[in-house]
$ cat model-v4.txt   # compact mmCIF, C-alpha atoms
# COMPACT_ATOMS: atom_id res chain seq x y z
CA MET A 1 5.18 -34.39 -4.81
CA LYS A 2 8.04 -36.68 -5.50
CA ASP A 3 7.15 -40.37 -5.60
CA ASP A 4 9.48 -41.25 -2.75
CA PRO A 5 9.07 -39.37 0.54
CA ALA A 6 12.72 -39.96 1.16
CA GLY A 7 13.39 -37.46 -1.59
CA TYR A 8 12.40 -34.67 0.83
CA LEU A 9 14.72 -35.84 3.58
CA PRO A 10 16.33 -34.63 5.67
CA LEU A 11 13.86 -31.91 6.61
CA SER A 12 15.08 -28.64 7.93
CA PRO A 13 14.40 -28.04 11.65
CA ALA A 14 11.74 -25.45 10.83
CA ALA A 15 9.95 -27.73 8.35
CA LEU A 16 10.11 -30.65 10.77
CA HIS A 17 8.62 -28.63 13.60
CA ILE A 18 5.88 -27.21 11.38
CA LEU A 19 4.89 -30.65 10.12
CA LEU A 20 4.96 -31.96 13.66
CA ALA A 21 2.75 -29.10 14.85
CA LEU A 22 0.24 -29.81 12.10
CA ALA A 23 0.26 -33.56 12.71
CA GLY A 24 -2.28 -33.19 15.51
CA GLU A 25 -4.76 -30.67 14.14
CA ASP A 26 -5.28 -27.84 11.72
CA LEU A 27 -3.59 -24.70 12.97
CA HIS A 28 -3.20 -21.10 11.91
CA GLY A 29 0.21 -19.48 11.69
CA TYR A 30 0.30 -18.12 15.20
CA GLY A 31 -0.94 -21.47 16.51
CA ILE A 32 1.91 -23.22 14.70
CA MET A 33 4.40 -20.85 16.31
CA GLN A 34 2.97 -21.51 19.75
CA GLU A 35 2.95 -25.26 19.16
CA VAL A 36 6.56 -25.26 17.96
CA LEU A 37 7.53 -23.31 21.06
CA ARG A 38 5.75 -25.85 23.24
CA GLN A 39 7.24 -28.86 21.43
CA SER A 40 10.76 -27.55 21.74
CA GLU A 41 10.17 -26.49 25.35
CA GLY A 42 11.00 -22.90 24.43
CA CYS A 43 14.26 -23.72 22.67
CA TYR A 44 13.10 -23.08 19.12
CA LYS A 45 11.32 -19.80 18.41
CA LEU A 46 9.90 -19.58 14.95
CA GLY A 47 9.41 -16.08 13.55
CA PRO A 48 6.55 -15.23 11.16
CA GLY A 49 8.93 -14.67 8.25
CA THR A 50 10.55 -18.06 8.68
CA LEU A 51 7.22 -19.73 9.32
CA TYR A 52 5.51 -18.43 6.20
CA ASP A 53 8.57 -18.98 4.05
CA ASN A 54 8.44 -22.64 5.04
CA ILE A 55 4.67 -22.83 4.63
CA GLN A 56 5.06 -21.35 1.17
CA ARG A 57 7.59 -24.02 0.28
CA LEU A 58 5.71 -26.89 1.94
CA THR A 59 2.49 -25.82 0.21
CA ALA A 60 4.24 -25.75 -3.15
CA GLN A 61 5.58 -29.25 -2.45
CA GLY A 62 2.09 -30.47 -1.58
CA LEU A 63 2.96 -31.40 1.99
CA VAL A 64 0.71 -28.76 3.57
CA GLN A 65 -2.53 -27.27 2.32
CA GLU A 66 -4.53 -24.25 3.29
CA VAL A 67 -7.94 -24.90 4.77
CA VAL A 68 -10.85 -22.53 4.31
CA ARG A 69 -12.93 -22.34 7.42
CA ARG A 70 -16.57 -21.39 7.32
CA ALA A 71 -17.70 -18.56 9.53
CA VAL A 72 -19.88 -20.94 11.53
CA ASP A 73 -16.80 -23.01 12.39
CA ARG A 74 -14.92 -20.02 13.74
CA SER A 75 -15.02 -19.19 17.38
CA GLY A 76 -15.94 -15.74 18.57
CA ASP A 77 -12.38 -14.54 19.03
CA ASP A 78 -11.17 -16.03 15.75
CA ASP A 79 -9.67 -13.23 13.68
CA PRO A 80 -10.79 -13.37 10.03
CA ARG A 81 -7.18 -12.72 8.99
CA ARG A 82 -6.23 -16.16 10.24
CA ARG A 83 -5.69 -18.87 7.68
CA TYR A 84 -5.56 -22.47 8.74
CA TYR A 85 -3.15 -25.07 7.45
CA ARG A 86 -3.47 -28.83 7.32
CA LEU A 87 -1.00 -31.65 6.86
CA THR A 88 -1.71 -33.49 3.60
CA PRO A 89 -1.37 -37.28 3.30
CA ASP A 90 1.88 -36.71 1.43
CA GLY A 91 3.06 -34.48 4.20
CA ARG A 92 2.20 -37.11 6.75
CA ALA A 93 4.17 -39.67 4.75
CA VAL A 94 7.19 -37.39 4.59
CA LEU A 95 6.91 -36.67 8.31
CA SER A 96 6.74 -40.39 9.04
CA ALA A 97 9.79 -40.98 6.89
CA GLU A 98 11.67 -38.19 8.67
CA ILE A 99 10.72 -39.55 12.08
CA ALA A 100 11.88 -42.99 11.03
CA ARG A 101 15.13 -41.52 9.83
CA LEU A 102 15.57 -39.66 13.07
CA GLU A 103 14.80 -42.81 15.02
CA THR A 104 17.56 -44.54 13.12
CA VAL A 105 19.87 -41.66 13.90
CA VAL A 106 18.93 -41.76 17.56
CA ARG A 107 19.24 -45.52 17.81
CA ASP A 108 22.56 -45.48 16.05
CA GLY A 109 23.70 -42.64 18.22
CA LYS A 110 22.76 -44.47 21.39
CA LEU A 111 24.59 -47.58 20.25
CA ARG A 112 27.68 -45.62 19.45
CA MET A 113 27.56 -43.79 22.73
CA GLN A 114 27.23 -47.07 24.63
CA ALA A 115 30.03 -48.70 22.61
CA PHE A 116 32.39 -45.89 23.39
CA LYS A 117 31.35 -45.46 26.99
CA PRO A 118 34.55 -44.77 28.92
CA ARG A 119 35.53 -47.60 31.28
CA ARG A 120 36.41 -46.94 34.85
CA ALA A 121 40.04 -47.31 35.68
CA MET B 1 4.43 3.44 15.32
CA PHE B 2 6.11 0.02 15.51
CA ARG B 3 3.18 -1.46 13.65
CA PHE B 4 3.61 1.10 10.91
CA PHE B 5 7.28 0.22 10.41
CA TYR B 6 6.50 -3.49 10.48
CA ASN B 7 3.81 -2.90 7.88
CA VAL B 8 6.36 -1.05 5.73
CA LEU B 9 8.69 -4.05 5.95
CA LEU B 10 5.85 -6.31 4.90
CA ARG B 11 5.05 -4.08 1.96
CA LEU B 12 8.62 -4.39 0.77
CA HIS B 13 8.17 -8.13 0.34
CA PRO B 14 7.38 -9.56 -3.10
CA ALA B 15 3.76 -9.00 -4.06
CA ARG B 16 2.80 -12.64 -4.10
CA PHE B 17 4.22 -13.34 -0.65
CA ARG B 18 2.73 -10.12 0.72
CA GLN B 19 -0.73 -10.81 -0.65
CA ARG B 20 -0.71 -14.33 0.66
CA PHE B 21 0.80 -13.92 4.10
CA GLY B 22 0.96 -10.21 4.83
CA GLN B 23 -2.26 -9.96 6.80
CA GLU B 24 -1.43 -13.03 8.86
CA MET B 25 2.03 -11.71 9.67
CA LEU B 26 0.50 -8.43 10.71
CA TRP B 27 -1.96 -10.25 12.89
CA ILE B 28 0.86 -12.17 14.54
CA PHE B 29 2.63 -8.86 15.09
CA ASP B 30 -0.52 -7.57 16.82
CA GLN B 31 -0.52 -10.62 19.06
CA ALA B 32 3.15 -10.18 19.89
CA ALA B 33 2.70 -6.45 20.45
CA ALA B 34 0.02 -7.17 23.02
CA GLN B 35 2.68 -9.10 24.92
CA GLY B 36 5.36 -6.46 24.32
CA ARG B 37 7.66 -8.69 22.26
CA THR B 38 7.99 -7.06 18.89
CA THR B 39 11.77 -6.59 18.57
CA PRO B 40 12.51 -10.14 17.37
CA LEU B 41 9.79 -9.75 14.77
CA PHE B 42 11.62 -6.87 13.12
CA ALA B 43 14.78 -8.96 12.81
CA ASP B 44 12.70 -11.81 11.46
CA ALA B 45 10.97 -9.51 8.94
CA LEU B 46 14.30 -8.15 7.71
CA LEU B 47 15.66 -11.66 7.30
CA SER B 48 12.49 -12.70 5.52
CA LEU B 49 12.77 -9.69 3.23
CA TRP B 50 16.29 -10.65 2.21
CA ARG B 51 15.31 -14.32 1.86
CA GLN B 52 12.27 -13.70 -0.34
CA TRP B 53 14.04 -11.40 -2.74
CA THR B 54 17.28 -13.36 -3.04
CA LEU B 55 16.54 -17.04 -2.38
CA ARG B 56 12.94 -17.44 -3.54
CA PRO B 57 12.69 -16.14 -7.10
CA GLN B 58 10.73 -19.22 -8.19
CA TYR B 59 7.78 -18.31 -5.96
CA ARG B 60 7.54 -14.75 -7.20
CA GLN B 61 6.59 -15.90 -10.71
CA GLN B 62 3.78 -18.23 -9.73
CA PRO B 63 0.21 -16.95 -9.97
CA VAL B 64 -1.62 -16.25 -6.77
CA PRO B 65 -4.02 -19.13 -6.13
CA VAL B 66 -7.66 -18.23 -6.11
CA ASN B 67 -9.33 -18.95 -2.81
CA PRO B 68 -12.40 -21.14 -3.09
CA ALA B 69 -15.64 -19.32 -2.58
CA PRO B 70 -16.69 -19.25 1.06
CA THR B 71 -19.75 -21.17 1.91
CA ASP B 72 -21.14 -18.51 4.20
CA SER B 73 -22.73 -15.29 3.12
CA LEU B 74 -19.66 -13.15 3.59
CA PRO B 75 -18.46 -11.48 0.37
CA SER B 76 -15.00 -12.31 -0.84
CA PHE B 77 -12.61 -10.33 -2.99
CA TYR B 78 -10.08 -11.63 -5.41
CA ILE B 79 -7.02 -9.61 -6.26
CA GLY B 80 -5.79 -10.76 -9.62
CA ALA B 81 -3.28 -8.04 -10.38
CA GLY B 82 0.35 -7.92 -9.39
CA ASP B 83 2.43 -4.85 -8.74
CA THR B 84 2.94 -3.98 -12.39
CA PRO B 85 0.44 -4.40 -15.20
CA ARG B 86 1.28 -6.55 -18.18
CA THR B 87 3.03 -4.91 -21.12
CA SER B 88 0.19 -5.79 -23.44
CA ALA B 89 -2.27 -4.17 -21.05
CA LEU B 90 -0.17 -1.01 -21.02
CA ILE B 91 -0.09 -0.93 -24.83
CA HIS B 92 -3.84 -1.48 -25.08
CA GLY B 93 -4.48 1.24 -22.52
CA GLY B 94 -2.23 3.65 -24.39
CA VAL B 95 -3.95 2.97 -27.71
CA LEU B 96 -7.40 3.39 -26.19
CA SER B 97 -6.37 6.63 -24.50
CA LEU B 98 -4.99 7.95 -27.79
CA ILE B 99 -8.22 7.09 -29.61
CA ALA B 100 -10.35 8.72 -26.94
CA PHE B 101 -8.16 11.82 -26.92
CA SER B 102 -8.30 12.09 -30.71
CA ALA B 103 -12.09 11.71 -30.69
CA VAL B 104 -12.47 14.48 -28.13
CA CYS B 105 -10.13 16.78 -30.06
CA TYR B 106 -11.98 16.09 -33.32
CA THR B 107 -15.34 16.76 -31.71
CA LEU B 108 -14.15 20.01 -30.18
CA SER B 109 -12.56 21.23 -33.38
CA HIS B 110 -15.76 20.60 -35.36
CA SER B 111 -18.25 21.75 -32.79
CA ASN B 112 -18.34 25.42 -33.85
CA SER B 113 -20.35 24.72 -37.00
CA HIS B 114 -23.53 24.13 -35.02
CA VAL B 115 -25.74 26.31 -32.90
CA PHE B 116 -25.49 25.28 -29.27
CA PRO B 117 -27.84 26.67 -26.67
CA LEU B 118 -25.89 27.56 -23.58
CA VAL B 119 -27.61 27.58 -20.23
CA GLY B 120 -25.75 29.03 -17.29
CA SER B 121 -25.12 32.02 -15.16
CA HIS B 122 -25.17 35.40 -16.75
CA ASN B 123 -22.09 37.17 -18.04
CA HIS B 124 -20.28 33.93 -18.77
CA SER B 125 -18.93 35.36 -22.00
CA PHE B 126 -19.41 38.79 -23.41
CA SER B 127 -18.67 38.62 -27.05
CA HIS B 128 -20.35 35.59 -28.55
CA PHE B 129 -23.98 36.10 -27.70
CA LEU B 130 -26.60 38.26 -29.21
CA GLU B 131 -29.73 38.19 -27.17
CA THR B 132 -30.36 37.44 -23.54
CA HIS B 133 -33.67 36.19 -22.23
CA SER B 134 -34.01 36.22 -18.49
CA VAL B 135 -36.36 33.84 -16.76
CA SER B 136 -37.58 34.80 -13.34
CA ALA B 137 -36.97 32.13 -10.76
CA ALA B 138 -37.29 31.95 -7.05
CA PRO B 139 -36.19 35.18 -5.37
CA THR B 140 -33.18 33.54 -3.81
CA GLU B 141 -31.93 32.01 -7.04
CA LEU B 142 -30.00 33.51 -9.88
CA SER B 143 -31.93 34.09 -13.06
CA ALA B 144 -31.24 31.59 -15.77
CA GLN B 145 -30.18 32.83 -19.18
CA VAL B 146 -30.36 31.08 -22.51
CA LYS B 147 -28.02 32.55 -25.08
CA MET B 148 -27.64 31.56 -28.69
CA LYS B 149 -24.38 31.85 -30.54
CA PRO B 150 -24.84 32.68 -34.22
CA GLU B 151 -23.05 30.74 -36.86
CA PRO B 152 -19.93 32.48 -38.11
CA GLY B 153 -20.69 34.74 -41.05
CA THR B 154 -24.43 34.72 -40.56
CA TYR B 155 -24.57 37.99 -38.61
CA ARG B 156 -24.83 41.16 -40.68
CA PRO B 157 -23.97 44.40 -38.91
CA SER B 158 -26.78 46.84 -38.65
CA LEU B 159 -26.97 49.90 -40.87
CA TYR B 160 -25.80 52.10 -38.05
CA PHE B 161 -22.72 49.98 -37.45
CA ARG B 162 -21.96 49.93 -41.17
CA MET B 163 -22.13 53.71 -41.47
CA MET B 164 -19.85 54.17 -38.46
CA PRO B 165 -16.25 53.08 -39.22
CA VAL B 166 -15.41 53.59 -35.53
CA LEU B 167 -17.98 50.99 -34.47
CA MET B 168 -16.91 48.58 -37.20
CA ALA B 169 -13.31 48.96 -36.03
CA LEU B 170 -14.22 48.48 -32.37
CA ASP B 171 -16.46 45.47 -33.03
CA ILE B 172 -13.58 43.18 -33.93
CA ASP B 173 -15.61 39.96 -34.06
CA GLN B 174 -18.43 41.68 -35.93
CA ASP B 175 -21.19 40.44 -33.65
CA GLY B 176 -22.89 43.79 -33.13
CA ILE B 177 -21.71 44.12 -29.53
CA ILE B 178 -18.64 45.93 -28.23
CA SER B 179 -17.55 43.37 -25.67
CA ALA B 180 -15.39 43.96 -22.61
CA SER B 181 -12.30 42.66 -24.37
CA GLU B 182 -13.05 44.81 -27.39
CA ILE B 183 -13.43 47.81 -25.10
CA ALA B 184 -10.09 47.01 -23.53
CA ASN B 185 -8.47 46.85 -26.97
CA SER B 186 -10.29 49.89 -28.30
CA ALA B 187 -7.19 52.12 -28.46
CA VAL B 188 -5.42 49.79 -30.83
CA ALA B 189 -8.58 49.32 -32.90
CA LEU B 190 -9.06 53.08 -33.24
CA LEU B 191 -5.50 53.62 -34.40
CA ALA B 192 -6.30 51.43 -37.40
CA LEU B 193 -8.57 54.23 -38.61
CA ASP B 194 -5.75 56.74 -38.52
CA LYS B 195 -5.12 56.82 -42.25
CA ASN B 196 -2.80 59.83 -42.28
CA HIS B 197 -0.81 58.56 -39.27
CA ASP B 198 -1.07 61.76 -37.30
CA ASN B 199 -2.04 59.80 -34.15
CA LYS B 200 -5.45 61.37 -34.01
CA LEU B 201 -8.78 60.78 -35.68
CA SER B 202 -10.52 63.52 -37.55
CA ALA B 203 -14.24 63.54 -38.17
CA GLU B 204 -13.59 62.37 -41.72
CA GLU B 205 -11.61 59.42 -40.45
CA CYS B 206 -14.51 58.71 -38.09
CA GLY B 207 -16.99 58.50 -40.95
CA LEU B 208 -18.04 62.02 -41.84
CA GLY B 209 -18.54 62.22 -45.58
CA THR B 210 -16.89 64.80 -47.75
CA PRO B 211 -17.50 67.46 -48.83
CA HIS B 212 -19.37 68.75 -45.84
CA PRO B 213 -20.37 72.22 -44.71
CA ALA B 214 -18.37 74.11 -42.14
CA GLY B 215 -19.08 73.09 -38.60
CA ALA B 216 -20.39 69.73 -39.66
CA ALA B 217 -17.43 67.99 -38.03
CA LEU B 218 -18.38 69.28 -34.59
CA VAL B 219 -22.01 68.33 -35.07
CA PHE B 220 -21.04 64.88 -36.35
CA MET B 221 -18.74 64.24 -33.42
CA ARG B 222 -21.39 65.44 -30.95
CA LEU B 223 -24.27 63.57 -32.62
CA HIS B 224 -23.04 60.04 -32.18
CA PRO B 225 -22.68 58.90 -28.58
CA VAL B 226 -19.56 56.83 -29.22
CA LEU B 227 -17.80 59.76 -30.88
CA ALA B 228 -19.01 62.18 -28.25
CA ALA B 229 -17.63 59.92 -25.54
CA LEU B 230 -14.30 59.49 -27.28
CA ASP B 231 -13.94 63.18 -28.09
CA ALA B 232 -13.77 64.17 -24.48
CA ASN B 233 -12.88 67.82 -25.04
CA HIS B 234 -15.42 68.13 -27.90
CA ASP B 235 -12.96 69.75 -30.27
CA GLY B 236 -14.16 67.75 -33.23
CA GLU B 237 -11.35 65.20 -33.31
CA ILE B 238 -10.11 62.32 -31.22
CA SER B 239 -6.61 63.14 -30.08
CA ALA B 240 -3.86 60.70 -29.14
CA SER B 241 -4.57 61.06 -25.43
CA GLU B 242 -8.27 60.55 -26.07
CA ILE B 243 -7.47 57.44 -28.07
CA LEU B 244 -5.42 56.13 -25.15
CA ASN B 245 -8.31 56.92 -22.83
CA ALA B 246 -10.83 55.20 -25.13
CA PRO B 247 -11.61 52.21 -22.84
CA ALA B 248 -12.69 54.48 -19.98
CA ALA B 249 -14.61 56.72 -22.33
CA LEU B 250 -16.47 53.81 -23.87
CA LEU B 251 -17.39 52.39 -20.46
CA SER B 252 -19.15 55.66 -19.71
CA LEU B 253 -21.72 54.59 -22.31
CA ASP B 254 -22.42 51.31 -20.51
CA LYS B 255 -25.75 52.29 -19.00
CA ASN B 256 -26.80 48.82 -17.83
CA ARG B 257 -23.39 48.10 -16.29
CA ASP B 258 -22.98 44.75 -18.04
CA GLY B 259 -19.45 45.52 -19.15
CA GLN B 260 -20.29 45.65 -22.85
CA LEU B 261 -21.94 48.01 -25.29
CA SER B 262 -24.97 46.92 -27.24
CA GLU B 263 -26.35 48.77 -30.21
CA ALA B 264 -29.11 50.22 -28.05
CA GLU B 265 -26.47 51.95 -25.93
CA LEU B 266 -24.69 53.28 -29.01
CA LEU B 267 -27.58 54.68 -31.03
CA PRO B 268 -28.09 58.44 -30.82
CA ASP B 269 -30.91 59.54 -28.54
CA PRO B 270 -33.49 61.30 -30.78
CA ALA B 271 -34.32 63.83 -28.08
CA ALA B 272 -30.70 64.66 -27.41
CA LEU B 273 -30.15 64.77 -31.13
CA SER B 274 -32.82 67.36 -31.63
CA ARG B 275 -31.54 69.40 -28.68
CA SER B 276 -27.99 69.33 -30.00
CA LEU B 277 -29.12 70.40 -33.41
CA GLU B 278 -31.35 73.23 -32.30
CA PRO B 279 -28.63 75.87 -31.63
CA ARG B 280 -26.82 74.89 -34.78
CA SER B 281 -30.13 75.12 -36.71
CA ARG B 282 -30.78 78.52 -35.30
CA ASP B 283 -27.27 79.60 -36.27
CA HIS B 284 -28.05 78.66 -39.84
$ encode --input "model-v4.txt" --output "structure tokens"
Amino acid sequence: MKDDPAGYLPLSPAALHILLALAGEDLHGYGIMQEVLRQSEGCYKLGPGTLYDNIQRLTAQGLVQEVVRRAVDRSGDDDPRRRYYRLTPDGRAVLSAEIARLETVVRDGKLRMQAFKPRRA
Amino acid sequence: MFRFFYNVLLRLHPARFRQRFGQEMLWIFDQAAAQGRTTPLFADALLSLWRQWTLRPQYRQQPVPVNPAPTDSLPSFYIGAGDTPRTSALIHGGVLSLIAFSAVCYTLSHSNSHVFPLVGSHNHSFSHFLETHSVSAAPTELSAQVKMKPEPGTYRPSLYFRMMPVLMALDIDQDGIISASEIANSAVALLALDKNHDNKLSAEECGLGTPHPAGAALVFMRLHPVLAALDANHDGEISASEILNAPAALLSLDKNRDGQLSEAELLPDPAALSRSLEPRSRDH
């Protein structure tokens, strides 16, 4: 990973949503897709190809890691083909930096919108 | 059917991506198929295919990470090979194959200088065996035969074969047996005895010594079973048509129906010999 998390910014929408989905718990690919759909209230549908392309890249960057689950930790309906992914500390730092950047963008945007609010005649 | 096509699309992905994520993507497809929403996945797979081959060359070269060993008792498998083997592995494989092939060829080419016992079903080969020993087995089983092939040059034709130019000509491989193939080629072999090129074999050309008394040719041709069979019309010579008909004539001597003629089937029968000589003896 780069020394400065800001070096990864800005994140692409897919990478941001994946990191956000993994911020709460370890998830498998389908779980990430469902979580992204829930977070975006159905606006952002992540396909498997896009998902695993991003996971491949985020894993190579050290922001996400694959987690091997023991059989005893799997529930009865847990398909053995599932692989779980976890946000690494570096990934959490990058996500925090991205959220802070977005907060700045949002705050700045709100200020600008208020400054240019049209006055009533 | 849709799953098959989706699987084909996955297989078209780079090997590293496919090995790492293929099963998961297929599992997600299964989940989506259960809900009847597979069409977007095909578009996504096509886009992913284009993206992996064009925009992600750096990931195709990296080695596939080895999964840590599971802590439970389930076995795990590691696939260490990519789609194409390394060039050095191909060269090593080629060299090893060449060495193995050369060794087999050398062994085969030098294997005929030893005596090999052959165990198998009967009538495997007709011409390269001398004696057959049958061993009785269970009634429902075939009898086993052990046949010994003599070393080349060690077999000496019997006295009878040596005194009969016809038999020496027919027995091309000089093993003392007129095999099926030698019977089939008998016409050509007999023509080699036709010294005066008249397309027929006289008794002299068949081995009758000269000078000989009158009528000896007929007796000679009738005395020896092989000549008697070949000389179908018993006129004392083997004509061109009889030469052509030699294979069928020789097979008439095959008493045990094994498709070949052993010396026992070719030797004159003493009783028949005496009977054939009696009228001639009385004539003289």
$ interface_residues --input "model-v4.txt" --of "chain A" --to "chain B" --cutoff "10 Å" --atoms "all atoms listed in the file" --output "PyMOL selection string"
chain A and resi 28-31+33+45-53+55-57+60+66-72+79-83
$ residues_around --input "model-v4.txt" --residues "Pro13 of chain A" --least-positions-apart "5" --cutoff "10 Å" --atoms "all atoms listed in the file" --output "ChimeraX atom specification"
/A:18-19,44
$ atom_distance --input "model-v4.txt" --atom1 "atom CA of Pro89 of chain A" --atom2 "atom CA of Gly24 of chain A"
12.9 Å
$ atom_distance --input "model-v4.txt" --atom1 "atom CA of Ala180 of chain B" --atom2 "atom CA of Asp235 of chain B"
27.0 Å
$ residues_near_point --input "model-v4.txt" --point "(-25.2, 44.4, -37.2)" --cutoff "9 Å" --atoms "all atoms listed in the file" --output "ChimeraX atom specification"
/B:155-162,174-177,263
$ atom_distance --input "model-v4.txt" --atom1 "atom CA of Leu170 of chain B" --atom2 "atom CA of Ala232 of chain B"
17.6 Å
$ residues_near_point --input "model-v4.txt" --point "(-15.2, 60.1, -21.4)" --cutoff "7 Å" --atoms "all atoms listed in the file" --output "number ranges by chain"
B: 229-230, 232, 248-250, 252
$ residues_around --input "model-v4.txt" --residues "Leu27 of chain A" --least-positions-apart "2" --cutoff "6 Å" --atoms "only C-alpha atoms" --output "PyMOL selection string"
chain A and resi 31-32+84-85
$ write_last_selection --input "model-v4.txt" --atoms "C-alpha atoms" --output "PDB file, in the coordinates of the input"
ATOM      1  CA  GLY A  31      -0.940 -21.470  16.510  1.00  0.00           C
ATOM      2  CA  ILE A  32       1.910 -23.220  14.700  1.00  0.00           C
ATOM      3  CA  TYR A  84      -5.560 -22.470   8.740  1.00  0.00           C
ATOM      4  CA  TYR A  85      -3.150 -25.070   7.450  1.00  0.00           C
TER       5      TYR A  85
END
$ axis_aligned_box --input "model-v4.txt" --around "segment 198-207 of chain B" --padding-each-side "4 Å" --output "lines of an AutoDock Vina configuration file"
center_x = -9.0
center_y = 61.0
center_z = -37.9
size_x = 23.9
size_y = 13.0
size_z = 15.7
